[in-house]
>>> print(open('work_28.pdb').read())   # PDB, C-alpha atoms and all ligand atoms
ATOM      1  CA  MET W   1       0.000   0.000   0.000
ATOM      2  CA  THR W   2       1.214   3.530  -0.706
ATOM      3  CA  ASP W   3       2.964   5.311   2.130
ATOM      4  CA  PHE W   4       0.990   8.481   2.697
ATOM      5  CA  SER W   5       3.125   9.632   5.589
ATOM      6  CA  HIS W   6       4.475  12.564   3.610
ATOM      7  CA  TYR W   7       1.093  13.689   2.396
ATOM      8  CA  PRO W   8      -0.942  15.545   4.969
ATOM      9  CA  VAL W   9      -4.064  16.214   2.951
ATOM     10  CA  MET W  10      -4.638  19.742   1.571
ATOM     11  CA  ARG W  11      -1.658  21.028   3.532
ATOM     12  CA  SER W  12      -1.365  24.500   2.023
ATOM     13  CA  GLN W  13      -5.144  25.068   2.120
ATOM     14  CA  CYS W  14      -5.261  23.997   5.794
ATOM     15  CA  LEU W  15      -2.420  26.285   6.787
ATOM     16  CA  GLU W  16      -3.979  29.201   4.953
ATOM     17  CA  ALA W  17      -7.405  28.459   6.431
ATOM     18  CA  LEU W  18      -6.077  28.228   9.990
ATOM     19  CA  SER W  19      -4.424  31.623   9.465
ATOM     20  CA  ILE W  20      -1.788  30.750  12.075
ATOM     21  CA  LYS W  21      -0.527  33.437  14.440
ATOM     22  CA  PRO W  22       2.974  32.640  15.756
ATOM     23  CA  GLU W  23       1.817  33.279  19.347
ATOM     24  CA  GLY W  24      -1.500  31.411  18.946
ATOM     25  CA  LEU W  25      -2.873  28.295  20.607
ATOM     26  CA  TYR W  26      -3.959  25.616  18.116
ATOM     27  CA  VAL W  27      -5.430  22.141  18.295
ATOM     28  CA  ASP W  28      -4.887  19.296  15.860
ATOM     29  CA  ALA W  29      -7.739  17.039  16.956
ATOM     30  CA  THR W  30      -6.607  14.166  14.680
ATOM     31  CA  LEU W  31      -2.851  13.886  15.054
ATOM     32  CA  GLY W  32      -2.434  10.662  13.017
ATOM     33  CA  LEU W  33       1.067  10.603  11.567
ATOM     34  CA  GLY W  34       1.620  14.174  12.688
ATOM     35  CA  GLY W  35       1.856  15.626   9.182
ATOM     36  CA  HIS W  36      -0.498  18.560   9.780
ATOM     37  CA  SER W  37       0.790  18.983  13.328
ATOM     38  CA  ALA W  38       4.372  19.389  12.091
ATOM     39  CA  LEU W  39       3.266  22.006   9.558
ATOM     40  CA  ILE W  40       1.358  23.950  12.215
ATOM     41  CA  ALA W  41       4.141  23.672  14.822
ATOM     42  CA  ARG W  42       6.672  24.951  12.296
ATOM     43  CA  LYS W  43       4.649  28.165  11.957
ATOM     44  CA  LEU W  44       4.526  28.791  15.704
ATOM     45  CA  GLY W  45       6.814  31.098  17.622
ATOM     46  CA  SER W  46       5.796  31.457  21.251
ATOM     47  CA  GLY W  47       2.497  29.690  20.473
ATOM     48  CA  ARG W  48       1.443  26.165  21.328
ATOM     49  CA  LEU W  49      -0.099  23.181  19.585
ATOM     50  CA  VAL W  50      -2.170  20.557  21.352
ATOM     51  CA  ALA W  51      -2.244  17.385  19.228
ATOM     52  CA  ILE W  52      -4.893  14.811  20.097
ATOM     53  CA  ASP W  53      -5.465  11.237  18.979
ATOM     54  CA  ARG W  54      -7.465   8.410  20.481
ATOM     55  CA  ASP W  55      -4.913   5.915  19.163
ATOM     56  CA  GLU W  56      -1.973   5.490  21.532
ATOM     57  CA  THR W  57       0.288   4.246  18.705
ATOM     58  CA  ALA W  58      -0.285   7.494  16.783
ATOM     59  CA  LEU W  59       0.976   9.468  19.773
ATOM     60  CA  HIS W  60       4.126   7.337  20.027
ATOM     61  CA  ARG W  61       4.833   7.546  16.317
ATOM     62  CA  ALA W  62       4.225  11.284  16.107
ATOM     63  CA  GLN W  63       6.776  11.909  18.844
ATOM     64  CA  VAL W  64       9.479  11.086  16.316
ATOM     65  CA  LYS W  65       8.054  13.320  13.599
ATOM     66  CA  LEU W  66       7.389  16.161  16.014
ATOM     67  CA  ALA W  67      10.702  15.822  17.895
ATOM     68  CA  PRO W  68      12.084  19.118  16.503
ATOM     69  CA  PHE W  69       8.990  20.970  17.782
ATOM     70  CA  MET W  70       8.265  19.235  21.061
ATOM     71  CA  GLU W  71       8.815  22.351  23.157
ATOM     72  CA  LYS W  72       5.781  23.858  21.393
ATOM     73  CA  VAL W  73       3.642  20.707  21.287
ATOM     74  CA  THR W  74       1.505  18.928  23.877
ATOM     75  CA  LEU W  75       0.356  15.429  22.922
ATOM     76  CA  ALA W  76      -2.911  14.235  24.416
ATOM     77  CA  LYS W  77      -4.579  10.857  24.172
ATOM     78  CA  GLY W  78      -8.331  11.162  23.954
ATOM     79  CA  ASN W  79     -11.475  11.211  21.879
ATOM     80  CA  PHE W  80     -12.136  14.589  20.275
ATOM     81  CA  ALA W  81     -15.766  14.098  21.317
ATOM     82  CA  GLU W  82     -14.409  15.269  24.686
ATOM     83  CA  LEU W  83     -12.511  18.193  23.238
ATOM     84  CA  LYS W  84     -13.524  20.712  25.868
ATOM     85  CA  ALA W  85     -12.673  18.352  28.748
ATOM     86  CA  ILE W  86      -9.307  17.394  27.200
ATOM     87  CA  LEU W  87      -8.353  21.057  26.830
ATOM     88  CA  SER W  88      -9.669  22.001  30.226
ATOM     89  CA  GLY W  89      -7.520  19.179  31.702
ATOM     90  CA  LEU W  90      -4.553  21.023  30.179
ATOM     91  CA  GLY W  91      -5.717  24.322  31.664
ATOM     92  CA  ILE W  92      -6.897  25.636  28.265
ATOM     93  CA  GLU W  93     -10.198  27.462  27.835
ATOM     94  CA  LYS W  94      -9.832  29.297  24.529
ATOM     95  CA  ILE W  95      -8.005  28.471  21.314
ATOM     96  CA  ASP W  96      -7.136  30.237  18.049
ATOM     97  CA  GLY W  97      -7.901  27.357  15.758
ATOM     98  CA  VAL W  98      -8.720  23.682  15.479
ATOM     99  CA  LEU W  99      -8.134  21.201  12.679
ATOM    100  CA  PHE W 100      -9.971  17.926  12.136
ATOM    101  CA  ASP W 101      -8.822  15.429   9.493
ATOM    102  CA  PHE W 102     -11.409  12.691   9.923
ATOM    103  CA  GLY W 103     -11.152   8.963   9.332
ATOM    104  CA  VAL W 104      -8.412   6.387   9.702
ATOM    105  CA  SER W 105      -4.705   6.885   9.176
ATOM    106  CA  SER W 106      -2.624   4.818   6.776
ATOM    107  CA  PRO W 107      -0.754   3.012   9.604
ATOM    108  CA  GLN W 108      -4.098   1.937  11.060
ATOM    109  CA  LEU W 109      -5.179   0.596   7.670
ATOM    110  CA  ASP W 110      -1.818  -0.940   6.843
ATOM    111  CA  ASP W 111      -1.235  -2.807  10.107
ATOM    112  CA  PRO W 112      -3.053  -6.132   9.644
ATOM    113  CA  ALA W 113      -3.197  -6.612  13.415
ATOM    114  CA  ARG W 114      -5.630  -3.677  13.671
ATOM    115  CA  GLY W 115      -8.206  -5.514  11.566
ATOM    116  CA  PHE W 116      -9.308  -2.488   9.485
ATOM    117  CA  SER W 117      -8.430  -3.879   6.097
ATOM    118  CA  TYR W 118     -10.227  -6.267   3.772
ATOM    119  CA  MET W 119      -6.900  -6.776   1.989
ATOM    120  CA  ALA W 120      -5.262  -8.792   4.788
ATOM    121  CA  ASP W 121      -6.616 -11.670   6.851
ATOM    122  CA  SER W 122      -6.522 -10.785  10.534
ATOM    123  CA  LYS W 123      -8.587 -10.545  13.688
ATOM    124  CA  LEU W 124     -11.765  -8.504  13.211
ATOM    125  CA  ASP W 125     -11.031  -5.525  15.411
ATOM    126  CA  MET W 126     -11.123  -1.971  13.874
ATOM    127  CA  ARG W 127     -10.776  -0.106  17.163
ATOM    128  CA  MET W 128      -8.881   3.166  16.853
ATOM    129  CA  ASP W 129      -8.527   3.157  20.626
ATOM    130  CA  ALA W 130      -7.406  -0.290  21.770
ATOM    131  CA  GLU W 131      -8.789   0.426  25.242
ATOM    132  CA  GLU W 132     -12.376   0.619  23.977
ATOM    133  CA  ARG W 133     -14.507  -2.494  24.385
ATOM    134  CA  LEU W 134     -16.551  -2.681  21.176
ATOM    135  CA  THR W 135     -14.835  -4.486  18.277
ATOM    136  CA  ALA W 136     -15.957  -5.348  14.761
ATOM    137  CA  ALA W 137     -16.072  -9.016  15.841
ATOM    138  CA  GLU W 138     -18.536  -8.124  18.604
ATOM    139  CA  ILE W 139     -20.821  -6.308  16.139
ATOM    140  CA  VAL W 140     -20.660  -9.007  13.489
ATOM    141  CA  ASN W 141     -21.293 -11.818  15.977
ATOM    142  CA  SER W 142     -23.913 -10.274  18.237
ATOM    143  CA  TRP W 143     -25.905  -7.501  16.538
ATOM    144  CA  ASP W 144     -29.241  -8.566  15.081
ATOM    145  CA  TYR W 145     -30.239  -8.505  11.417
ATOM    146  CA  GLU W 146     -31.947  -5.080  11.579
ATOM    147  CA  ALA W 147     -29.022  -3.425  13.358
ATOM    148  CA  LEU W 148     -26.509  -4.853  10.879
ATOM    149  CA  LYS W 149     -28.635  -3.882   7.879
ATOM    150  CA  LYS W 150     -29.035  -0.350   9.263
ATOM    151  CA  ILE W 151     -25.302   0.329   9.647
ATOM    152  CA  PHE W 152     -24.488  -1.224   6.246
ATOM    153  CA  TYR W 153     -27.094   1.036   4.608
ATOM    154  CA  GLU W 154     -26.420   4.176   6.616
ATOM    155  CA  TYR W 155     -22.660   4.112   7.182
ATOM    156  CA  GLY W 156     -21.611   2.068   4.169
ATOM    157  CA  GLU W 157     -24.272   3.117   1.640
ATOM    158  CA  GLU W 158     -24.203  -0.594   0.735
ATOM    159  CA  ARG W 159     -27.082  -1.383  -1.581
ATOM    160  CA  TYR W 160     -26.852  -5.092  -0.780
ATOM    161  CA  ALA W 161     -27.143  -4.403   2.967
ATOM    162  CA  PRO W 162     -30.052  -6.855   3.548
ATOM    163  CA  ARG W 163     -28.274  -9.665   1.685
ATOM    164  CA  VAL W 164     -25.009  -9.095   3.554
ATOM    165  CA  ALA W 165     -26.751  -8.860   6.951
ATOM    166  CA  ASN W 166     -28.615 -12.058   6.177
ATOM    167  CA  ALA W 167     -25.457 -13.878   5.086
ATOM    168  CA  ILE W 168     -23.744 -12.857   8.340
ATOM    169  CA  ILE W 169     -26.645 -14.135  10.451
ATOM    170  CA  ASN W 170     -26.577 -17.448   8.542
ATOM    171  CA  ALA W 171     -22.786 -17.796   8.802
ATOM    172  CA  ARG W 172     -22.996 -17.238  12.569
ATOM    173  CA  ARG W 173     -24.997 -20.448  12.879
ATOM    174  CA  GLU W 174     -21.898 -22.345  11.663
ATOM    175  CA  GLY W 175     -19.563 -20.712  14.186
ATOM    176  CA  VAL W 176     -18.030 -17.444  15.358
ATOM    177  CA  ILE W 177     -16.791 -15.055  12.655
ATOM    178  CA  MET W 178     -13.315 -14.210  13.892
ATOM    179  CA  THR W 179     -11.349 -12.802  10.977
ATOM    180  CA  THR W 180     -11.498 -10.158   8.256
ATOM    181  CA  GLY W 181     -10.889 -12.950   5.721
ATOM    182  CA  GLN W 182     -13.968 -14.883   6.876
ATOM    183  CA  LEU W 183     -16.059 -11.719   6.686
ATOM    184  CA  VAL W 184     -14.822 -10.879   3.179
ATOM    185  CA  GLU W 185     -15.863 -14.359   2.003
ATOM    186  CA  ILE W 186     -19.318 -13.985   3.613
ATOM    187  CA  ILE W 187     -19.792 -10.563   1.987
ATOM    188  CA  LYS W 188     -18.746 -11.926  -1.405
ATOM    189  CA  SER W 189     -21.122 -14.885  -1.045
ATOM    190  CA  ALA W 190     -24.005 -12.443  -0.504
ATOM    191  CA  MET W 191     -23.317 -10.328  -3.594
ATOM    192  CA  PRO W 192     -24.569 -10.939  -7.114
ATOM    193  CA  ALA W 193     -21.881 -11.766  -9.683
ATOM    194  CA  SER W 194     -22.250  -8.304 -11.258
ATOM    195  CA  ALA W 195     -21.295  -6.614  -7.968
ATOM    196  CA  LEU W 196     -18.193  -8.793  -7.699
ATOM    197  CA  ARG W 197     -17.024  -7.489 -11.078
ATOM    198  CA  GLU W 198     -17.183  -3.828  -9.990
ATOM    199  CA  LYS W 199     -13.952  -1.857  -9.645
ATOM    200  CA  GLN W 200     -14.497  -1.234  -5.945
ATOM    201  CA  HIS W 201     -13.673  -4.148  -3.626
ATOM    202  CA  PRO W 202     -16.974  -5.870  -2.700
ATOM    203  CA  ALA W 203     -16.187  -5.585   1.039
ATOM    204  CA  LYS W 204     -15.196  -1.900   1.026
ATOM    205  CA  ARG W 205     -18.564  -0.427   2.000
ATOM    206  CA  VAL W 206     -19.342  -2.988   4.718
ATOM    207  CA  PHE W 207     -15.871  -2.530   6.225
ATOM    208  CA  GLN W 208     -16.380   1.262   6.208
ATOM    209  CA  ALA W 209     -19.724   0.820   7.957
ATOM    210  CA  LEU W 210     -18.250  -1.438  10.633
ATOM    211  CA  ARG W 211     -15.339   0.940  11.249
ATOM    212  CA  ILE W 212     -17.693   3.893  11.675
ATOM    213  CA  ALA W 213     -19.903   1.896  14.053
ATOM    214  CA  VAL W 214     -17.026   0.457  16.105
ATOM    215  CA  ASN W 215     -15.526   3.886  16.669
ATOM    216  CA  GLY W 216     -18.768   5.863  16.935
ATOM    217  CA  GLU W 217     -17.195   8.169  14.373
ATOM    218  CA  LEU W 218     -20.201  10.234  13.356
ATOM    219  CA  ASP W 219     -21.389  10.868  16.906
ATOM    220  CA  ALA W 220     -17.875  11.944  17.860
ATOM    221  CA  ILE W 221     -17.826  14.479  15.009
ATOM    222  CA  SER W 222     -21.224  15.948  15.984
ATOM    223  CA  CYS W 223     -20.201  16.080  19.617
ATOM    224  CA  ALA W 224     -16.871  17.784  18.926
ATOM    225  CA  LEU W 225     -18.329  20.378  16.566
ATOM    226  CA  GLU W 226     -20.920  21.276  19.192
ATOM    227  CA  GLN W 227     -18.067  22.362  21.481
ATOM    228  CA  VAL W 228     -15.998  24.290  18.952
ATOM    229  CA  PRO W 229     -17.718  27.717  18.974
ATOM    230  CA  GLU W 230     -17.361  28.152  22.727
ATOM    231  CA  LEU W 231     -13.685  27.163  22.560
ATOM    232  CA  LEU W 232     -12.685  29.475  19.730
ATOM    233  CA  LYS W 233     -11.555  33.024  20.410
ATOM    234  CA  PRO W 234     -13.205  35.662  18.180
ATOM    235  CA  GLY W 235     -11.562  35.330  14.751
ATOM    236  CA  GLY W 236     -10.462  31.762  15.620
ATOM    237  CA  ARG W 237     -10.812  29.171  12.867
ATOM    238  CA  LEU W 238     -12.437  25.757  12.535
ATOM    239  CA  CYS W 239     -11.030  23.612   9.708
ATOM    240  CA  ALA W 240     -12.543  20.209   9.025
ATOM    241  CA  ILE W 241     -11.488  17.762   6.319
ATOM    242  CA  SER W 242     -14.058  15.080   5.456
ATOM    243  CA  PHE W 243     -13.637  12.074   3.240
ATOM    244  CA  HIS W 244     -17.199  11.005   2.701
ATOM    245  CA  SER W 245     -20.592  12.573   2.462
ATOM    246  CA  LEU W 246     -21.704  11.376   5.922
ATOM    247  CA  GLU W 247     -18.918  13.322   7.623
ATOM    248  CA  ASP W 248     -19.240  16.337   5.349
ATOM    249  CA  ARG W 249     -22.988  16.583   5.942
ATOM    250  CA  ILE W 250     -22.448  16.812   9.714
ATOM    251  CA  VAL W 251     -19.777  19.502   9.299
ATOM    252  CA  LYS W 252     -21.889  21.489   6.833
ATOM    253  CA  GLN W 253     -25.020  21.324   8.982
ATOM    254  CA  SER W 254     -23.178  22.191  12.219
ATOM    255  CA  ILE W 255     -21.566  25.251  10.658
ATOM    256  CA  ALA W 256     -24.905  26.300   9.125
ATOM    257  CA  ARG W 257     -26.633  26.048  12.512
ATOM    258  CA  PHE W 258     -24.021  28.131  14.326
ATOM    259  CA  GLU W 259     -24.019  30.594  11.470
ATOM    260  CA  LYS W 260     -27.778  31.007  11.576
ATOM    261  CA  GLY W 261     -28.009  31.661  15.308
ATOM    262  CA  CYS W 262     -31.611  32.455  16.262
ATOM    263  CA  THR W 263     -34.010  29.595  15.524
ATOM    264  CA  CYS W 264     -37.245  31.492  16.325
ATOM    265  CA  PRO W 265     -40.041  31.551  13.724
ATOM    266  CA  ARG W 266     -39.673  34.598  11.479
ATOM    267  CA  ASP W 267     -42.989  36.099  12.591
ATOM    268  CA  LEU W 268     -41.990  36.306  16.286
ATOM    269  CA  PRO W 269     -41.415  39.987  17.156
ATOM    270  CA  VAL W 270     -38.537  39.184  19.560
ATOM    271  CA  CYS W 271     -36.077  36.331  19.881
ATOM    272  CA  VAL W 272     -37.013  33.815  22.549
ATOM    273  CA  CYS W 273     -34.543  31.028  21.693
ATOM    274  CA  GLY W 274     -31.473  32.976  22.761
ATOM    275  CA  PHE W 275     -29.216  31.421  20.090
ATOM    276  CA  LYS W 276     -26.738  33.910  18.661
ATOM    277  CA  GLN W 277     -24.598  33.514  15.584
ATOM    278  CA  THR W 278     -21.218  32.133  16.671
ATOM    279  CA  LEU W 279     -19.627  31.009  13.379
ATOM    280  CA  ARG W 280     -19.268  32.458   9.901
ATOM    281  CA  SER W 281     -18.427  30.257   6.911
ATOM    282  CA  VAL W 282     -15.202  31.371   5.329
ATOM    283  CA  SER W 283     -16.192  29.926   1.968
ATOM    284  CA  ARG W 284     -19.674  28.874   0.890
ATOM    285  CA  LYS W 285     -18.443  25.845  -0.986
ATOM    286  CA  PRO W 286     -16.020  23.278   0.443
ATOM    287  CA  ILE W 287     -12.390  23.711  -0.565
ATOM    288  CA  LEU W 288     -11.152  20.811  -2.708
ATOM    289  CA  PRO W 289      -7.680  19.403  -3.366
ATOM    290  CA  THR W 290      -5.900  20.580  -6.492
ATOM    291  CA  ALA W 291      -5.461  18.299  -9.498
ATOM    292  CA  GLU W 292      -1.728  18.139  -8.671
ATOM    293  CA  GLU W 293      -2.428  16.953  -5.139
ATOM    294  CA  ILE W 294      -4.836  14.274  -6.357
ATOM    295  CA  GLU W 295      -2.154  13.117  -8.758
ATOM    296  CA  GLU W 296       0.471  13.058  -5.997
ATOM    297  CA  ASN W 297      -1.811  11.494  -3.372
ATOM    298  CA  PRO W 298      -4.900   9.738  -4.761
ATOM    299  CA  ARG W 299      -6.316   9.410  -1.219
ATOM    300  CA  SER W 300      -6.974  13.163  -1.273
ATOM    301  CA  ARG W 301      -9.439  12.705  -4.159
ATOM    302  CA  SER W 302     -12.519  12.673  -1.973
ATOM    303  CA  ALA W 303     -11.338  15.258   0.589
ATOM    304  CA  LYS W 304     -13.451  18.339   1.325
ATOM    305  CA  LEU W 305     -12.243  21.105   3.594
ATOM    306  CA  ARG W 306     -14.795  23.351   5.305
ATOM    307  CA  VAL W 307     -13.662  26.417   7.178
ATOM    308  CA  ALA W 308     -15.526  28.659   9.587
ATOM    309  CA  GLU W 309     -14.509  31.591  11.739
ATOM    310  CA  ARG W 310     -15.708  32.499  15.236
ATOM    311  CA  VAL W 311     -17.586  35.799  15.092
TER     312      VAL W 311
HETATM  313  C1  LIG H   1      -6.724  10.755   8.719
HETATM  314  S1  LIG H   1      -5.808  10.517  10.184
HETATM  315  C2  LIG H   1      -5.081  12.088  10.474
HETATM  316  C3  LIG H   1      -3.827  12.306   9.700
HETATM  317  C4  LIG H   1      -3.064  13.552  10.144
HETATM  318  N1  LIG H   1      -3.791  14.752   9.851
HETATM  319  C5  LIG H   1      -1.680  13.604   9.548
HETATM  320  O1  LIG H   1      -1.312  14.629   8.962
HETATM  321  O2  LIG H   1      -0.932  12.618   9.665
HETATM  322  C6  LIG H   1      -7.058  10.495  11.412
HETATM  323  C7  LIG H   1      -6.546  10.256  12.823
HETATM  324  O3  LIG H   1      -7.576  10.720  13.697
HETATM  325  C8  LIG H   1      -7.725   9.820  14.749
HETATM  326  N2  LIG H   1      -9.107   9.921  15.197
HETATM  327  C9  LIG H   1     -10.224   9.558  14.533
HETATM  328  N3  LIG H   1     -11.318   9.804  15.274
HETATM  329  C10 LIG H   1     -10.884  10.352  16.433
HETATM  330  C11 LIG H   1     -11.535  10.821  17.600
HETATM  331  N4  LIG H   1     -12.860  10.763  17.732
HETATM  332  N5  LIG H   1     -10.776  11.342  18.578
HETATM  333  C12 LIG H   1      -9.423  11.403  18.456
HETATM  334  N6  LIG H   1      -8.745  10.953  17.392
HETATM  335  C13 LIG H   1      -9.467  10.433  16.383
HETATM  336  C14 LIG H   1      -7.387   8.470  14.176
HETATM  337  O4  LIG H   1      -6.955   7.592  15.204
HETATM  338  C15 LIG H   1      -6.280   8.824  13.172
HETATM  339  O5  LIG H   1      -5.017   8.673  13.764
END
>>> encode(input="work_28.pdb", output="structure tokens")
Amino acid sequence: MTDFSHYPVMRSQCLEALSIKPEGLYVDATLGLGGHSALIARKLGSGRLVAIDRDETALHRAQVKLAPFMEKVTLAKGNFAELKAILSGLGIEKIDGVLFDFGVSSPQLDDPARGFSYMADSKLDMRMDAEERLTAAEIVNSWDYEALKKIFYEYGEERYAPRVANAIINARREGVIMTTGQLVEIIKSAMPASALREKQHPAKRVFQALRIAVNGELDAISCALEQVPELLKPGGRLCAISFHSLEDRIVKQSIARFEKGCTCPRDLPVCVCGFKQTLRSVSRKPILPTAEEIEENPRSRSAKLRVAERV
């Protein structure tokens, strides 16, 4: 698999969007390999970067990449769903900017032991945080037909969701489904021959759905974005890179809600809801990677960057 470690996605657009002040306080909520963090830290003078990841191995790995900047960087293990609590634990109340680069990192995908990939046969796991309890094996072996079908439809946009859910329930009668390889075979057995001939791997969408469910990814995004306006200083920036429509929809709708402020019916003479505008979109449309970047790093193809500023 390609090594993406030198390709933090949309790097120049992110740096421009964060509008980094050398004395500012910034958060990289998805440290990963530390690519964006290194770029941000390099721009800081007296400022500070808090880099968060829920995956302990990401924090260890990033220490090497961020070694030249460690006097300006604080690494924190945690789920960005608890952004405010993580920062408050570090004595931080207000920040100048926050970056989210959602999804999995290439080391998570590439390490067969993590069980994220349909390309290698390994234990069905998919936890970003190895201390969490829920694994892909637990979902596949214990969730009922309706629950499986729902996540395959909603998180994987898998049109054969009922057939795959059914095949899993049937396979369970023969024994526990332990490995990614077993699951790939079950998924393939549920698909019509035409689907198996498609360019996309037949297990891709189901694996995406399981990963999102195991890690509660969409809830974490909603939860984190809820906290961002009260953390940002006026003029502070929110930058969020999404890789699929489910993530992007949450980002778009959250920004729109904070941008709108008051939710009272138009015909009310005075506001009774009390909501005030807290964010302003910096660009109406999402910012997309350039053709050169897509050429250099095909993974960036589906990236969308949305940027908002605290008013
Ligand atoms: C796409 S990678 C980030 C890559 C990074 N921007 C870079 O330049 O190397 C996403 C990272 O976010 C982490 N992550 C995903 N959801 C998270 C969450 N809810 N809380 C904290 N970290 C999360 C993953 O563990 C992964 O390491």
>>> closest_residue(input="work_28.pdb", among="W:Val140, W:Ala308, W:Ala213, W:Ile169", to="ligand LIG 1 (chain H)", atoms="only C-alpha atoms and all ligand atoms")
W:Ala213
>>> residues_around(input="work_28.pdb", residues="stretch 94-104 of chain W", least_positions_apart="5", cutoff="9 Å", atoms="only C-alpha atoms", output="count of residues only")
42
>>> atom_distance(input="work_28.pdb", atom1="atom CA of W:Met70", atom2="atom CA of W:Ala51")
10.8 Å
>>> resolve_selection(input="work_28.pdb", expression="the PyMOL selection byres (((chain W and resi 187) around 10) and not hetatm)", output="VMD selection string")
chain W and resid 160 to 161 163 to 168 181 to 186 188 to 191 196 202 to 204 206 to 207
>>> residues_around(input="work_28.pdb", residues="W:Gln277", least_positions_apart="2", cutoff="10 Å", atoms="only C-alpha atoms", output="ChimeraX atom specification")
/W:229,256-262,274-275,279-280,310-311
>>> write_last_selection(input="work_28.pdb", atoms="C-alpha atoms", output="PDB file, in the frame of the given file")
ATOM      1  CA  PRO W 229     -17.718  27.717  18.974  1.00  0.00           C
ATOM      2  CA  ALA W 256     -24.905  26.300   9.125  1.00  0.00           C
ATOM      3  CA  ARG W 257     -26.633  26.048  12.512  1.00  0.00           C
ATOM      4  CA  PHE W 258     -24.021  28.131  14.326  1.00  0.00           C
ATOM      5  CA  GLU W 259     -24.019  30.594  11.470  1.00  0.00           C
ATOM      6  CA  LYS W 260     -27.778  31.007  11.576  1.00  0.00           C
ATOM      7  CA  GLY W 261     -28.009  31.661  15.308  1.00  0.00           C
ATOM      8  CA  CYS W 262     -31.611  32.455  16.262  1.00  0.00           C
ATOM      9  CA  GLY W 274     -31.473  32.976  22.761  1.00  0.00           C
ATOM     10  CA  PHE W 275     -29.216  31.421  20.090  1.00  0.00           C
ATOM     11  CA  LEU W 279     -19.627  31.009  13.379  1.00  0.00           C
ATOM     12  CA  ARG W 280     -19.268  32.458   9.901  1.00  0.00           C
ATOM     13  CA  ARG W 310     -15.708  32.499  15.236  1.00  0.00           C
ATOM     14  CA  VAL W 311     -17.586  35.799  15.092  1.00  0.00           C
TER      15      VAL W 311
END
>>> resolve_selection(input="work_28.pdb", expression="the PyMOL selection byres (((chain W and resi 120) around 9) and not hetatm)", output="ChimeraX atom specification")
/W:110-112,115-119,121-122,180-181
>>> atom_distance(input="work_28.pdb", atom1="atom CA of W:Ser46", atom2="atom CA of W:Glu23")
4.8 Å
>>> axis_aligned_box(input="work_28.pdb", around="ligand LIG 1 (chain H)", padding_each_side="4 Å", output="lines of an AutoDock Vina configuration file")
center_x = -6.9
center_y = 11.2
center_z = 13.6
size_x = 19.9
size_y = 15.2
size_z = 17.9
>>> closest_residue(input="work_28.pdb", among="W:Arg173, W:Arg299, W:Arg284, W:Lys199", to="ligand LIG 1 (chain H)", atoms="all atoms listed in the file")
W:Arg299
>>> closest_residue(input="work_28.pdb", among="W:Pro192, W:Pro265, W:Pro22, W:Gly35", to="W:Ser105", atoms="all atoms listed in the file")
W:Gly35
>>> build_atoms(input="work_28.pdb", residues="stretch 44-55 of chain W", atoms="N, CA and C atoms", output="CSV table (one decimal), keeping the file's coordinate frame")
chain,number,residue,atom,x,y,z
W,44,LEU,N,4.7,28.2,14.4
W,44,LEU,CA,4.5,28.8,15.7
W,44,LEU,C,5.8,29.4,16.2
W,45,GLY,N,5.7,30.5,16.9
W,45,GLY,CA,6.8,31.1,17.6
W,45,GLY,C,6.7,30.8,19.1
W,46,SER,N,6.0,31.7,19.8
W,46,SER,CA,5.8,31.5,21.3
W,46,SER,C,4.5,30.7,21.5
W,47,GLY,N,3.8,30.4,20.4
W,47,GLY,CA,2.5,29.7,20.5
W,47,GLY,C,2.6,28.2,20.8
W,48,ARG,N,1.5,27.6,20.9
W,48,ARG,CA,1.4,26.2,21.3
W,48,ARG,C,0.5,25.4,20.5
W,49,LEU,N,0.8,24.1,20.3
W,49,LEU,CA,-0.1,23.2,19.6
W,49,LEU,C,-0.4,22.0,20.5
W,50,VAL,N,-1.7,21.8,20.6
W,50,VAL,CA,-2.2,20.6,21.4
W,50,VAL,C,-2.6,19.6,20.3
W,51,ALA,N,-1.9,18.4,20.3
W,51,ALA,CA,-2.2,17.4,19.2
W,51,ALA,C,-2.9,16.2,19.9
W,52,ILE,N,-4.1,15.9,19.4
W,52,ILE,CA,-4.9,14.8,20.1
W,52,ILE,C,-5.1,13.6,19.2
W,53,ASP,N,-5.0,12.4,19.7
W,53,ASP,CA,-5.5,11.2,19.0
W,53,ASP,C,-6.0,10.2,20.0
W,54,ARG,N,-6.9,9.4,19.6
W,54,ARG,CA,-7.5,8.4,20.5
W,54,ARG,C,-6.6,7.1,20.4
W,55,ASP,N,-5.7,7.1,19.4
W,55,ASP,CA,-4.9,5.9,19.2
W,55,ASP,C,-3.5,6.1,19.8
